[in-house]
>>> print(open('entry_10.txt').read())   # compact mmCIF, C-alpha atoms (C1' of nucleotides)
# COMPACT_ATOMS: atom_id res chain seq x y z
CA MET C 1 2.82 2.27 0.41
CA HIS C 2 2.20 4.03 -2.85
CA LEU C 3 -0.55 6.02 -4.35
CA THR C 4 -2.26 3.41 -6.49
CA GLN C 5 -1.74 3.21 -10.21
CA GLU C 6 -5.34 4.29 -10.59
CA THR C 7 -4.68 7.51 -8.66
CA ASP C 8 -1.62 8.13 -10.77
CA TYR C 9 -3.68 7.64 -13.93
CA ALA C 10 -6.43 9.90 -12.62
CA MET C 11 -3.90 12.68 -12.03
CA ARG C 12 -2.57 12.25 -15.56
CA ILE C 13 -6.06 12.32 -17.00
CA ILE C 14 -6.98 15.55 -15.25
CA TYR C 15 -3.65 16.96 -16.28
CA CYS C 16 -4.37 16.00 -19.87
CA LEU C 17 -7.76 17.70 -19.82
CA ALA C 18 -6.24 20.78 -18.17
CA LYS C 19 -3.57 20.94 -20.83
CA SER C 20 -5.93 20.56 -23.77
CA GLY C 21 -8.52 22.97 -22.35
CA ARG C 22 -11.13 21.38 -24.60
CA ARG C 23 -13.67 18.62 -24.45
CA MET C 24 -12.03 15.29 -25.28
CA ASP C 25 -13.50 11.84 -25.77
CA ALA C 26 -12.20 8.92 -23.76
CA SER C 27 -10.35 7.42 -26.73
CA SER C 28 -8.26 10.53 -27.27
CA ILE C 29 -7.44 10.79 -23.60
CA SER C 30 -6.50 7.13 -23.35
CA GLU C 31 -4.27 7.33 -26.42
CA GLU C 32 -2.53 10.46 -25.27
CA MET C 33 -1.95 9.17 -21.76
CA ARG C 34 -1.17 5.60 -22.89
CA ILE C 35 -3.80 4.14 -20.60
CA SER C 36 -6.15 1.43 -21.84
CA LEU C 37 -9.48 2.76 -23.02
CA ARG C 38 -11.49 0.62 -20.63
CA PHE C 39 -9.52 1.65 -17.59
CA SER C 40 -9.66 5.29 -18.66
CA LEU C 41 -13.43 5.07 -18.88
CA LYS C 42 -13.62 3.58 -15.42
CA ILE C 43 -11.54 6.38 -13.96
CA LEU C 44 -13.34 9.08 -15.92
CA GLY C 45 -16.58 7.71 -14.54
CA LYS C 46 -15.35 8.23 -11.00
CA LEU C 47 -14.04 11.70 -11.76
CA ALA C 48 -17.35 12.65 -13.37
CA GLY C 49 -19.32 11.17 -10.47
CA ALA C 50 -17.33 13.31 -8.07
CA GLY C 51 -17.94 16.44 -10.09
CA LEU C 52 -14.35 17.09 -11.13
CA VAL C 53 -15.17 16.62 -14.80
CA ASN C 54 -18.36 17.00 -16.77
CA SER C 55 -19.35 14.20 -19.13
CA TYR C 56 -21.46 14.43 -22.28
CA LYS C 57 -23.10 11.44 -23.87
CA GLY C 58 -23.82 10.80 -27.48
CA MET C 59 -22.04 11.97 -30.61
CA ARG C 60 -19.52 14.76 -29.97
CA GLY C 61 -19.70 13.74 -26.34
CA GLY C 62 -16.70 13.39 -24.09
CA TYR C 63 -15.24 14.94 -20.99
CA GLU C 64 -14.03 18.34 -19.87
CA LEU C 65 -12.93 19.85 -16.58
CA ALA C 66 -15.89 20.96 -14.50
CA ARG C 67 -14.00 24.08 -13.41
CA PRO C 68 -10.79 25.90 -14.24
CA ALA C 69 -7.54 24.03 -13.62
CA ASP C 70 -6.53 26.43 -10.89
CA GLN C 71 -9.53 25.28 -8.88
CA ILE C 72 -8.72 21.57 -8.98
CA THR C 73 -6.11 20.32 -6.53
CA LEU C 74 -4.15 17.10 -6.47
CA LYS C 75 -5.77 16.32 -3.15
CA GLN C 76 -9.24 16.43 -4.70
CA VAL C 77 -8.24 13.82 -7.26
CA LEU C 78 -6.65 11.65 -4.61
CA ASP C 79 -9.81 11.77 -2.53
CA VAL C 80 -12.00 10.75 -5.45
CA ILE C 81 -9.96 7.66 -6.24
CA GLU C 82 -8.86 6.57 -2.79
CA GLY C 83 -11.94 7.68 -0.92
CA HIS C 84 -10.71 10.35 1.53
CA ALA C 85 -8.54 7.61 2.94
CA TYR C 86 -5.09 8.93 2.41
CA ALA C 87 -3.31 8.25 5.65
CA ILE C 88 0.20 7.03 6.18
CA SER C 89 -1.00 4.41 8.64
CA ARG C 90 -4.24 2.50 8.90
CA CYS C 91 -4.04 3.35 12.56
CA LEU C 92 -5.88 6.53 11.51
CA CYS C 93 -8.70 4.73 9.74
CA GLU C 94 -12.16 4.73 11.17
CA GLY C 95 -12.99 1.69 13.22
CA GLU C 96 -9.36 0.63 13.45
CA ASP C 97 -8.46 -0.77 16.86
CA CYS C 98 -4.93 0.57 16.75
CA ASN C 99 -4.18 -0.22 20.34
CA ARG C 100 -5.01 -3.89 19.85
CA GLY C 101 -7.65 -4.37 22.46
CA MET C 102 -6.02 -2.10 25.01
CA SER C 103 -7.77 1.11 25.95
CA GLY C 104 -6.93 4.38 24.24
CA CYS C 105 -5.05 4.86 21.02
CA CYS C 106 -1.55 3.72 20.25
CA VAL C 107 1.68 5.62 20.88
CA PHE C 108 2.21 6.25 17.18
CA GLN C 109 -1.15 7.77 16.30
CA ASN C 110 -0.29 11.41 16.91
CA LEU C 111 2.79 11.09 14.78
CA TRP C 112 0.99 9.41 11.88
CA ALA C 113 -1.70 12.06 12.07
CA GLN C 114 0.89 14.81 11.89
CA ILE C 115 2.68 13.34 8.88
CA THR C 116 -0.57 12.57 7.08
CA SER C 117 -1.76 16.08 7.65
CA GLU C 118 1.44 17.55 6.24
CA VAL C 119 1.21 15.48 3.08
CA ASN C 120 -2.45 16.33 2.64
CA GLN C 121 -1.73 20.01 3.08
CA THR C 122 0.95 19.90 0.44
CA LEU C 123 -1.37 18.14 -2.00
CA SER C 124 -4.20 20.55 -1.20
CA GLY C 125 -1.94 23.44 -2.04
CA ILE C 126 -1.14 22.32 -5.57
CA THR C 127 -3.55 22.82 -8.44
CA PHE C 128 -3.38 21.53 -11.98
CA ALA C 129 -2.67 25.05 -13.14
CA ASP C 130 0.45 24.83 -10.98
CA MET C 131 1.33 21.55 -12.62
CA LEU C 132 1.03 23.06 -16.08
CA ALA C 133 3.34 25.86 -14.98
CA ARG C 134 5.79 23.37 -13.53
CA ASP C 135 5.93 21.58 -16.84
CA THR C 136 6.65 24.79 -18.70
CA ASN C 137 9.39 25.66 -16.21
CA ARG C 138 10.80 22.19 -16.51
CA LYS C 139 11.14 22.56 -20.26
CA THR C 140 12.72 26.00 -20.02
CA GLY C 141 14.98 24.98 -17.16
CA THR C 142 13.41 27.26 -14.56
CA PRO C 143 13.54 25.62 -11.13
CA ASP C 144 10.27 24.97 -9.26
CA MET T 145 -1.43 3.79 0.56
CA HIS T 146 -0.51 2.80 4.05
CA LEU T 147 2.53 1.57 5.82
CA THR T 148 1.92 -2.15 5.83
CA GLN T 149 0.64 -3.96 8.87
CA GLU T 150 4.02 -5.66 9.09
CA THR T 151 5.80 -2.30 9.35
CA ASP T 152 3.35 -1.22 12.00
CA TYR T 153 4.02 -4.41 13.95
CA ALA T 154 7.78 -3.99 13.56
CA MET T 155 7.55 -0.50 15.05
CA ARG T 156 5.55 -1.83 17.99
CA ILE T 157 8.04 -4.64 18.54
CA ILE T 158 11.03 -2.32 18.64
CA TYR T 159 9.05 -0.03 20.88
CA CYS T 160 8.31 -2.94 23.19
CA LEU T 161 11.99 -3.91 23.41
CA ALA T 162 12.96 -0.29 23.98
CA LYS T 163 10.44 0.00 26.77
CA SER T 164 11.45 -3.19 28.54
CA GLY T 165 15.16 -2.54 28.17
CA ARG T 166 15.81 -6.23 28.68
CA ARG T 167 16.19 -9.34 26.58
CA MET T 168 12.77 -10.80 25.78
CA ASP T 169 11.76 -14.00 24.08
CA ALA T 170 9.42 -13.93 21.11
CA SER T 171 6.47 -15.31 23.09
CA SER T 172 6.60 -12.48 25.60
CA ILE T 173 6.85 -9.89 22.88
CA SER T 174 4.01 -11.39 20.89
CA GLU T 175 1.77 -11.58 23.95
CA GLU T 176 2.52 -8.04 25.02
CA MET T 177 2.01 -6.62 21.55
CA ARG T 178 -0.94 -8.89 20.72
CA ILE T 179 0.71 -10.12 17.54
CA SER T 180 0.67 -13.84 16.68
CA LEU T 181 3.83 -15.65 17.71
CA ARG T 182 4.59 -16.85 14.20
CA PHE T 183 4.30 -13.45 12.63
CA SER T 184 6.33 -11.89 15.44
CA LEU T 185 9.09 -14.40 14.77
CA LYS T 186 9.07 -13.57 11.09
CA ILE T 187 9.40 -9.87 11.78
CA LEU T 188 12.00 -10.36 14.52
CA GLY T 189 14.02 -12.39 12.04
CA LYS T 190 14.07 -9.46 9.62
CA LEU T 191 14.96 -6.99 12.35
CA ALA T 192 17.77 -9.26 13.55
CA GLY T 193 19.02 -9.79 10.00
CA ALA T 194 19.22 -6.04 9.55
CA GLY T 195 21.15 -5.58 12.77
CA LEU T 196 18.52 -3.60 14.65
CA VAL T 197 18.13 -6.32 17.28
CA ASN T 198 20.44 -9.07 18.49
CA SER T 199 19.06 -12.58 18.75
CA TYR T 200 20.15 -15.38 21.04
CA LYS T 201 19.32 -19.01 20.46
CA GLY T 202 18.78 -21.73 22.98
CA MET T 203 17.41 -21.64 26.49
CA ARG T 204 17.29 -18.13 27.94
CA GLY T 205 17.59 -16.89 24.39
CA GLY T 206 15.50 -14.12 22.92
CA TYR T 207 15.93 -10.66 21.46
CA GLU T 208 17.24 -7.31 22.60
CA LEU T 209 17.95 -3.99 20.90
CA ALA T 210 21.32 -3.97 19.21
CA ARG T 211 21.93 -0.39 20.32
CA PRO T 212 20.32 2.19 22.60
CA ALA T 213 16.81 3.32 21.71
CA ASP T 214 18.01 6.82 20.94
CA GLN T 215 20.05 5.41 18.08
CA ILE T 216 17.21 3.60 16.34
CA THR T 217 14.93 5.71 14.15
CA LEU T 218 11.50 4.96 12.76
CA LYS T 219 12.97 5.29 9.29
CA GLN T 220 15.42 2.47 9.95
CA VAL T 221 12.59 0.13 10.87
CA LEU T 222 10.61 1.18 7.84
CA ASP T 223 13.56 0.46 5.59
CA VAL T 224 14.08 -3.00 7.03
CA ILE T 225 10.51 -4.07 6.41
CA GLU T 226 9.67 -2.22 3.21
CA GLY T 227 13.11 -2.39 1.68
CA HIS T 228 14.17 1.23 1.24
CA ALA T 229 11.14 1.57 -0.95
CA TYR T 230 9.12 4.15 0.86
CA ALA T 231 7.98 6.53 -1.83
CA ILE T 232 4.61 8.14 -2.21
CA SER T 233 4.47 7.16 -5.90
CA ARG T 234 5.94 4.23 -7.76
CA CYS T 235 6.98 6.82 -10.29
CA LEU T 236 10.10 7.11 -8.12
CA CYS T 237 10.89 3.39 -8.18
CA GLU T 238 13.89 2.12 -10.05
CA GLY T 239 13.11 0.88 -13.52
CA GLU T 240 9.70 2.51 -13.54
CA ASP T 241 8.83 4.01 -16.90
CA CYS T 242 6.85 6.84 -15.39
CA ASN T 243 6.50 8.75 -18.60
CA ARG T 244 4.85 5.78 -20.32
CA GLY T 245 7.16 5.33 -23.28
CA MET T 246 7.69 9.02 -23.82
CA SER T 247 11.14 10.42 -23.23
CA GLY T 248 12.14 11.96 -19.91
CA CYS T 249 10.30 11.66 -16.64
CA CYS T 250 6.73 12.60 -15.90
CA VAL T 251 5.46 15.99 -14.76
CA PHE T 252 4.72 14.74 -11.28
CA GLN T 253 8.06 13.19 -10.43
CA ASN T 254 9.68 16.23 -8.82
CA LEU T 255 6.69 16.73 -6.62
CA TRP T 256 6.52 13.10 -5.49
CA ALA T 257 10.22 13.20 -4.75
CA GLN T 258 9.82 16.30 -2.64
CA ILE T 259 6.96 14.88 -0.58
CA THR T 260 8.69 11.53 -0.14
CA SER T 261 11.81 13.25 1.02
CA GLU T 262 9.91 15.30 3.59
CA VAL T 263 8.24 12.23 5.06
CA ASN T 264 11.52 10.33 5.17
CA GLN T 265 13.22 13.21 6.89
CA THR T 266 10.56 13.35 9.55
CA LEU T 267 10.85 9.61 10.18
CA SER T 268 14.64 9.80 10.25
CA GLY T 269 14.44 12.46 12.93
CA ILE T 270 12.44 10.38 15.40
CA THR T 271 14.03 7.71 17.57
CA PHE T 272 12.40 5.16 19.82
CA ALA T 273 13.72 7.09 22.79
CA ASP T 274 11.60 9.97 21.49
CA MET T 275 8.62 7.65 21.27
CA LEU T 276 9.06 6.54 24.88
CA ALA T 277 9.14 10.20 25.90
CA ARG T 278 6.03 10.91 23.83
CA ASP T 279 4.20 8.15 25.65
CA THR T 280 5.19 9.54 29.02
CA ASN T 281 4.07 13.02 27.98
CA ARG T 282 0.85 11.60 26.63
CA LYS T 283 0.06 10.03 29.99
CA THR T 284 0.93 13.17 31.94
CA GLY T 285 -0.86 15.42 29.52
CA THR T 286 2.24 17.25 28.28
CA PRO T 287 1.83 18.17 24.61
CA ASP T 288 4.37 16.86 22.05
C1' DC J 289 25.58 -35.79 27.58
C1' DT J 290 20.73 -35.33 27.50
C1' DT J 291 16.96 -32.42 27.33
C1' DA J 292 13.99 -28.68 26.75
C1' DA J 293 13.61 -23.96 25.35
C1' DA J 294 14.60 -21.04 22.35
C1' DA J 295 15.73 -19.09 17.39
C1' DT J 296 16.03 -20.08 12.20
C1' DA J 297 15.00 -21.59 7.56
C1' DT J 298 11.93 -22.71 4.25
C1' DA J 299 7.87 -23.34 2.28
C1' DC J 300 3.15 -22.83 1.88
C1' DC J 301 -1.64 -20.86 1.84
C1' DA J 302 -5.60 -17.69 2.00
C1' DA J 303 -7.56 -13.28 1.81
C1' DA J 304 -7.51 -8.73 0.15
C1' DC J 305 -6.46 -5.40 -3.11
C1' DT J 306 -5.24 -3.78 -7.65
C1' DT J 307 -5.50 -3.73 -12.31
C1' DG J 308 -7.78 -4.59 -16.08
C1' DT J 309 -11.55 -6.62 -19.32
C1' DA J 310 -16.24 -7.79 -21.18
C1' DT J 311 -21.05 -7.09 -22.21
C1' DA J 312 -25.15 -4.89 -22.51
C1' DT J 313 -27.57 -0.44 -22.21
C1' DT J 314 -28.56 4.43 -22.64
C1' DT J 315 -28.10 8.91 -24.63
C1' DT J 316 -27.75 12.27 -28.27
C1' DA J 317 -26.03 15.01 -32.46
C1' DT J 318 -26.57 14.51 -37.12
C1' DA M 319 -32.71 6.13 -38.04
C1' DT M 320 -28.02 5.67 -36.98
C1' DA M 321 -23.59 5.83 -35.27
C1' DA M 322 -20.72 7.70 -31.74
C1' DA M 323 -20.29 8.42 -27.53
C1' DA M 324 -20.90 7.58 -22.18
C1' DT M 325 -22.72 4.35 -18.35
C1' DA M 326 -23.68 0.35 -15.53
C1' DT M 327 -22.51 -3.88 -14.00
C1' DA M 328 -20.12 -7.81 -13.56
C1' DC M 329 -16.13 -10.62 -13.88
C1' DA M 330 -11.28 -12.25 -13.55
C1' DA M 331 -6.27 -12.37 -13.48
C1' DG M 332 -2.31 -10.88 -11.01
C1' DT M 333 0.07 -9.19 -7.09
C1' DT M 334 0.74 -8.13 -2.38
C1' DT M 335 -0.07 -8.92 2.27
C1' DG M 336 -0.89 -11.38 6.34
C1' DG M 337 -0.41 -15.36 8.46
C1' DT M 338 0.66 -20.52 9.31
C1' DA M 339 3.25 -25.05 9.34
C1' DT M 340 7.17 -28.05 9.59
C1' DA M 341 11.60 -29.33 10.22
C1' DT M 342 16.18 -27.95 11.89
C1' DT M 343 19.73 -25.84 14.67
C1' DT M 344 21.60 -23.88 18.78
C1' DT M 345 22.44 -23.58 23.65
C1' DA M 346 21.82 -23.18 28.84
C1' DA M 347 20.94 -26.11 32.47
C1' DG M 348 20.51 -30.30 34.88
>>> encode(input="entry_10.txt", output="structure tokens")
Amino acid sequence: MHLTQETDYAMRIIYCLAKSGRRMDASSISEEMRISLRFSLKILGKLAGAGLVNSYKGMRGGYELARPADQITLKQVLDVIEGHAYAISRCLCEGEDCNRGMSGCCVFQNLWAQITSEVNQTLSGITFADMLARDTNRKTGTPD
Amino acid sequence: MHLTQETDYAMRIIYCLAKSGRRMDASSISEEMRISLRFSLKILGKLAGAGLVNSYKGMRGGYELARPADQITLKQVLDVIEGHAYAISRCLCEGEDCNRGMSGCCVFQNLWAQITSEVNQTLSGITFADMLARDTNRKTGTPD
DNA sequence: CTTAAAATATACCAAACTTGTATATTTTAT
DNA sequence: ATAAAATATACAAGTTTGGTATATTTTAAG
């Protein structure tokens, strides 16, 4: 029912990198976000594999955003961690026999598709630059 | 990430009762919906406990909707099965320390709350009478 | 008043998913 | 050469989900 903890962490990690604006090693990120180092590394690996962050090996290595924060959306992070699978019902998943052996698709499918699409659109419309701005507004009391 | 299978089944069961308009025993429902009898009984028990369906023991017993289909929303079914817990992030769950030991709540909370609220509103606005109409329209080719 | 058809209560189990850890290897700036 | 970093791969504990089993209670009908 929820975004997984891993997705939540991934969002926080990207947010952290967006906020710092600099290259950071996994230890710093994990300390700042209070996520275990190992799990941070696992997530960073996925984010790097998907091209959202660049990774640098060796001394002075670490991670940085692969592009400016205003070009990374929440939806992109979600897709990396949950594999393009965000859908409110598994009825929408490929290969799912949502009508249980009967021909056609089930009565609910159109509705689930509509809701899923709305959520995805919202998440596609929000970048990490927006999130940084939200945080600033939050602290100064400006409404969203 | 998804509504659980159980929620999906519960929706189909209520839909089935709405469509038949009569009292049905669990075996008939389970056969029609292609859900195992045992699991159907479990779900029907929850729906009866929550007052969405009435149950009758003994011979000629079975289940029927506790009120007309236009007074039962998808949201009500969701709440019965997933316990008022539908939220896109567990950040919104009671007792969740979403800011990981730091004071206040996390940057994402407002956003998750907004999205969750939108989904819940959509589901609250759709009754099983609407779903029956959708099915009819689907078969006659009328768009939603 | 007996019987069979139904729901109910309770407990259990297995599979899948999530979260997290461990170990060994590779890369690279200094 | 070395130490600090990422990477690859595998493993495992914990939780949730999906589903089953058994025994009991209720009730219409004969």
>>> residues_near_point(input="entry_10.txt", point="(-5.4, -13.5, -1.6)", cutoff="10 Å", atoms="only C-alpha atoms (C1' of nucleotides)", output="VMD selection string")
(chain J and resid 301 to 305) or (chain M and resid 333 to 336)
>>> interface_residues(input="entry_10.txt", of="chain C", to="chain T", cutoff="7 Å", atoms="all atoms listed in the file", output="list in words")
Met1, His2, Leu3, Arg34, Tyr86, Ala87, Ile88, Ser89, Arg90, Arg100, Val107, Ile115, Val119 and Asp135 of chain C
>>> closest_atom_pairs(input="entry_10.txt", of="chain T", to="chain M", cutoff="9 Å", atoms="only C-alpha atoms (C1' of nucleotides)", output="Markdown table")
| residue | atom | partner | partner_atom | distance |
| --- | --- | --- | --- | --- |
| T:Thr148 | CA | M:DT335 | C1' | 7.9 |
| T:Gln149 | CA | M:DG336 | C1' | 8.0 |
| T:Glu150 | CA | M:DG336 | C1' | 8.0 |
| T:Ser180 | CA | M:DG337 | C1' | 8.4 |
| T:Arg182 | CA | M:DT338 | C1' | 7.3 |
| T:Phe183 | CA | M:DG337 | C1' | 6.6 |
| T:Tyr200 | CA | M:DT345 | C1' | 8.9 |
| T:Lys201 | CA | M:DT344 | C1' | 5.6 |
| T:Gly202 | CA | M:DT345 | C1' | 4.2 |
| T:Met203 | CA | M:DA346 | C1' | 5.2 |
| T:Arg204 | CA | M:DA346 | C1' | 6.8 |
| T:Gly205 | CA | M:DT345 | C1' | 8.3 |
>>> closest_atom_pairs(input="entry_10.txt", of="chain J", to="chain C", cutoff="9 Å", atoms="only C-alpha atoms (C1' of nucleotides)", output="tab-separated table")
residue	atom	partner	partner_atom	distance
J:DT306	C1'	C:Thr4	CA	7.9
J:DT307	C1'	C:Gln5	CA	8.2
J:DG308	C1'	C:Phe39	CA	6.7
J:DT309	C1'	C:Arg38	CA	7.4
J:DT314	C1'	C:Lys57	CA	9.0
J:DT315	C1'	C:Gly58	CA	5.5
J:DT316	C1'	C:Gly58	CA	4.3
J:DA317	C1'	C:Met59	CA	5.3
J:DT318	C1'	C:Met59	CA	8.3
>>> closest_residue(input="entry_10.txt", among="T:Asp223, T:Asp169, T:Asp274, T:Glu175", to="Leu196 of chain T", atoms="only C-alpha atoms")
T:Asp223
>>> atom_distance(input="entry_10.txt", atom1="atom CA of Val224 of chain T", atom2="atom CA of Cys105 of chain C")
25.0 Å
>>> atom_distance(input="entry_10.txt", atom1="atom CA of Ser268 of chain T", atom2="atom CA of Asp214 of chain T")
11.6 Å
>>> atom_distance(input="entry_10.txt", atom1="atom CA of Lys190 of chain T", atom2="atom CA of Cys93 of chain C")
26.8 Å
